[in-house]
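Beneath this line is the structure, given in structure tokens, with notes to follow.
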Amino acid sequence: MTQRKITKPRTSKGRAVLCARLAAEKQATDILLLDMSDIDSSPAEFFVIGTVNSETQMRAVTDHVQRQLREVRLGSPRVDGTHASSWMVLDYFDVVVHIMTHEARVHYNLERLWGDAKPYGITESGVAKALKEIPRRTGEK
């Protein structure tokens, strides 16, 4: 995906899609959006989950998301994890971005944990596309 001029999204879904696009710009893979707005006990309206292959890519993705969201005045997130860990969380309150290594993603399996959420993928053009079901990941039990 090519970088484009970013406008400030007005909805939680728009913010989640923007986060997914930004992660894709830095080559995160298996990007999934989980709409959890209808789940009473959910910690956010949307989760954005993406997979990276290295510490360097973890840094590139998380730094890019944070920098771009600051530029459109969406603030700074609460951050959990480090670039050297297998999982970083950027918490923007209504949207929580999870950037994980493949091993961490398979182990923690957030997709199954929040299986009642409505899943969306992201197309090559950066548009959210509803999925019929949450895709299984390679190596998932």
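Following the order of the structure tokens, first chain is A, next is B, and so on, with residues numbered from 1 inside each chain and ligands from 1 in the order they appear.
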
Task: Polymer residues at most 7 Å from region 81-96 of chain A, only C-alpha atoms, same-chain spacing of 4 or more positions, as a PyMOL selection string - done: chain A and resi 12+16+44-48+55+58-59+77+100-101+104

Task: Contacts of Val127 (chain A) at 9 Å (only C-alpha atoms; same-chain gap of 4+ positions) as an MDAnalysis selection string - done: chainID A and resid 17 21 121:123

For the interface of region 4-58 of chain A with region 67-74 of chain A (cut-off 9 Å, counting only C-alpha atoms), please tabulate each contacting residue of region 4-58 of chain A alongside its nearest pair of atoms and their separation in Å to one decimal, rows sorted by chain and increasing number, as a Markdown table.
```
| residue | atom | partner | partner_atom | distance |
| --- | --- | --- | --- | --- |
| A:Ile6 | CA | A:Val72 | CA | 7.2 |
| A:Thr7 | CA | A:Val72 | CA | 6.5 |
| A:Lys8 | CA | A:Val72 | CA | 5.3 |
| A:Pro9 | CA | A:Val72 | CA | 8.7 |
| A:Arg15 | CA | A:Leu69 | CA | 8.9 |
| A:Leu18 | CA | A:Leu69 | CA | 8.7 |
| A:Cys19 | CA | A:Leu69 | CA | 8.2 |
| A:Leu22 | CA | A:Gln68 | CA | 8.0 |
```

Writer output for current selection, C-alpha atoms, as a PDB file, in the first residue's frame:
```pdb
ATOM      1  CA  ILE A   6      -4.379  11.038   6.273  1.00  0.00           C
ATOM      2  CA  THR A   7      -7.542  12.684   7.519  1.00  0.00           C
ATOM      3  CA  LYS A   8      -8.817  12.357  11.057  1.00  0.00           C
ATOM      4  CA  PRO A   9     -11.428   9.566  11.228  1.00  0.00           C
ATOM      5  CA  ARG A  15      -9.815   4.840  13.518  1.00  0.00           C
ATOM      6  CA  LEU A  18      -6.673   3.750   9.741  1.00  0.00           C
ATOM      7  CA  CYS A  19      -4.552   1.764  12.229  1.00  0.00           C
ATOM      8  CA  LEU A  22      -0.831   2.125   8.730  1.00  0.00           C
TER       9      LEU A  22
END
```

TODO: Mind listing the helix (DSSP H, G or I) residues of chain A, per DSSP on the backbone, as number ranges by chain?
DONE: A: 12-25, 55-71, 102-108, 110-113

TODO: Pick out the closest residue to Lys26 (chain A) from this set: A:His64, A:His107, A:Arg78, A:Arg136. Count only C-alpha atoms.
DONE: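 Checking each of A:His64, A:His107, A:Arg78, A:Arg136 against Lys26 (chain A), counting only C-alpha atoms, the winner is A:His64.
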
Open item on the list: Report as JSON, numbers by chain all protein, DNA and RNA residues lying within 12 Å of Leu113 (chain A), evaluated on only C-alpha atoms, omitting residues in the same chain fewer than 6 positions from it.
Closed with: {"A": [34, 36, 42, 47, 105, 106, 107, 134]}

Task: Counting only C-alpha atoms, the option among A:Gln66, A:Thr51, A:Ser76, A:Thr56 closest to His102 (chain A) - done: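 For His102 (chain A), the nearest of the candidates is A:Thr51.
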
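Reported to one decimal place, the separation of CA of Ala128 (chain A) from CA of Gln57 (chain A) is 22.9 Å.
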
- [ ] Step one, run DSSP on the backbone; step two, keep only residues of chain A assigned to strand (DSSP E); then write them as a PyMOL selection string.
- [x] chain A and resi 29-35+46-52+78-80+87-91+95-101+118-122+128-130

Selection file, N, CA and C atoms, as a tab-separated table (two decimals), in the first residue's frame:
```
chain	number	residue	atom	x	y	z
A	29	THR	N	1.35	-8.33	8.53
A	29	THR	CA	0.55	-9.30	7.77
A	29	THR	C	-0.60	-9.81	8.62
A	30	ASP	N	-1.49	-10.56	7.97
A	30	ASP	CA	-2.64	-11.18	8.65
A	30	ASP	C	-3.39	-10.16	9.50
A	31	ILE	N	-3.60	-8.98	8.97
A	31	ILE	CA	-4.26	-7.92	9.73
A	31	ILE	C	-5.74	-8.22	9.83
A	32	LEU	N	-6.23	-8.16	11.05
A	32	LEU	CA	-7.62	-8.46	11.34
A	32	LEU	C	-8.19	-7.36	12.23
A	33	LEU	N	-9.39	-6.92	11.92
A	33	LEU	CA	-10.10	-5.98	12.77
A	33	LEU	C	-11.24	-6.75	13.43
A	34	LEU	N	-11.38	-6.60	14.72
A	34	LEU	CA	-12.48	-7.24	15.45
A	34	LEU	C	-13.39	-6.15	15.99
A	35	ASP	N	-14.62	-6.11	15.51
A	35	ASP	CA	-15.62	-5.16	16.00
A	35	ASP	C	-16.26	-5.77	17.23
A	46	PHE	N	-12.97	-1.73	19.12
A	46	PHE	CA	-12.27	-2.46	18.06
A	46	PHE	C	-10.90	-2.91	18.53
A	47	PHE	N	-10.53	-4.11	18.12
A	47	PHE	CA	-9.15	-4.57	18.19
A	47	PHE	C	-8.63	-4.58	16.76
A	48	VAL	N	-7.40	-4.18	16.59
A	48	VAL	CA	-6.69	-4.36	15.34
A	48	VAL	C	-5.51	-5.26	15.67
A	49	ILE	N	-5.40	-6.37	14.97
A	49	ILE	CA	-4.34	-7.35	15.25
A	49	ILE	C	-3.52	-7.54	13.98
A	50	GLY	N	-2.20	-7.45	14.12
A	50	GLY	CA	-1.31	-7.65	12.98
A	50	GLY	C	-0.10	-8.45	13.40
A	51	THR	N	0.51	-9.12	12.44
A	51	THR	CA	1.67	-9.97	12.68
A	51	THR	C	2.91	-9.35	12.06
A	52	VAL	N	4.02	-9.43	12.79
A	52	VAL	CA	5.32	-8.97	12.29
A	52	VAL	C	6.34	-10.10	12.40
A	78	ARG	N	-1.70	4.52	25.43
A	78	ARG	CA	-1.02	3.79	26.49
A	78	ARG	C	-0.32	2.65	25.76
A	79	VAL	N	0.92	2.41	26.09
A	79	VAL	CA	1.71	1.39	25.40
A	79	VAL	C	2.10	0.31	26.39
A	80	ASP	N	1.92	-0.94	25.97
A	80	ASP	CA	2.36	-2.07	26.78
A	80	ASP	C	3.25	-2.93	25.90
A	87	TRP	N	5.04	-8.94	21.63
A	87	TRP	CA	3.69	-8.39	21.54
A	87	TRP	C	3.70	-6.97	22.08
A	88	MET	N	3.23	-6.04	21.27
A	88	MET	CA	3.06	-4.66	21.73
A	88	MET	C	1.61	-4.26	21.58
A	89	VAL	N	1.13	-3.51	22.56
A	89	VAL	CA	-0.25	-3.04	22.55
A	89	VAL	C	-0.24	-1.52	22.57
A	90	LEU	N	-0.98	-0.92	21.64
A	90	LEU	CA	-1.20	0.52	21.59
A	90	LEU	C	-2.67	0.75	21.91
A	91	ASP	N	-2.94	1.29	23.07
A	91	ASP	CA	-4.32	1.44	23.54
A	91	ASP	C	-4.79	2.87	23.34
A	95	VAL	N	-10.03	1.97	20.40
A	95	VAL	CA	-9.33	1.09	19.47
A	95	VAL	C	-8.03	0.64	20.14
A	96	VAL	N	-7.83	-0.67	20.19
A	96	VAL	CA	-6.60	-1.23	20.77
A	96	VAL	C	-5.89	-1.99	19.65
A	97	VAL	N	-4.64	-1.60	19.41
A	97	VAL	CA	-3.84	-2.19	18.34
A	97	VAL	C	-2.88	-3.20	18.97
A	98	HIS	N	-2.93	-4.44	18.48
A	98	HIS	CA	-2.05	-5.52	18.95
A	98	HIS	C	-1.11	-5.87	17.80
A	99	ILE	N	0.18	-5.66	18.00
A	99	ILE	CA	1.18	-6.05	17.01
A	99	ILE	C	1.99	-7.18	17.65
A	100	MET	N	1.97	-8.34	16.98
A	100	MET	CA	2.52	-9.56	17.58
A	100	MET	C	3.40	-10.32	16.60
A	101	THR	N	4.34	-11.08	17.16
A	101	THR	CA	5.05	-12.05	16.33
A	101	THR	C	4.08	-13.19	16.03
A	118	LYS	N	-17.29	-9.25	15.46
A	118	LYS	CA	-17.47	-9.24	14.01
A	118	LYS	C	-16.11	-9.00	13.36
A	119	PRO	N	-15.65	-9.95	12.53
A	119	PRO	CA	-14.32	-9.80	11.93
A	119	PRO	C	-14.35	-9.03	10.61
A	120	TYR	N	-13.30	-8.25	10.41
A	120	TYR	CA	-13.09	-7.54	9.15
A	120	TYR	C	-11.65	-7.75	8.72
A	121	GLY	N	-11.45	-7.89	7.44
A	121	GLY	CA	-10.12	-7.88	6.87
A	121	GLY	C	-9.88	-6.50	6.28
A	122	ILE	N	-8.72	-6.31	5.73
A	122	ILE	CA	-8.40	-5.04	5.08
A	122	ILE	C	-7.96	-5.38	3.65
A	128	ALA	N	-12.00	-1.70	4.78
A	128	ALA	CA	-12.42	-2.81	5.64
A	128	ALA	C	-13.43	-3.67	4.89
A	129	LYS	N	-13.25	-4.98	4.97
A	129	LYS	CA	-14.16	-5.91	4.31
A	129	LYS	C	-14.63	-6.92	5.34
A	130	ALA	N	-15.97	-6.99	5.53
A	130	ALA	CA	-16.53	-7.95	6.49
A	130	ALA	C	-16.17	-9.37	6.08
```

Task: Pairwise distance for CA of Val65 (chain A) and CA of Asp116 (chain A), rounded to one decimal in Å - done: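 So the two atoms, CA of Val65 (chain A) and CA of Asp116 (chain A), lie 26.4 Å apart.
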
TODO: Mind giving me the straight-line distance from CA of Asp38 (chain A) to CA of Glu25 (chain A) in Å, one decimal?
DONE: 29.1 Å
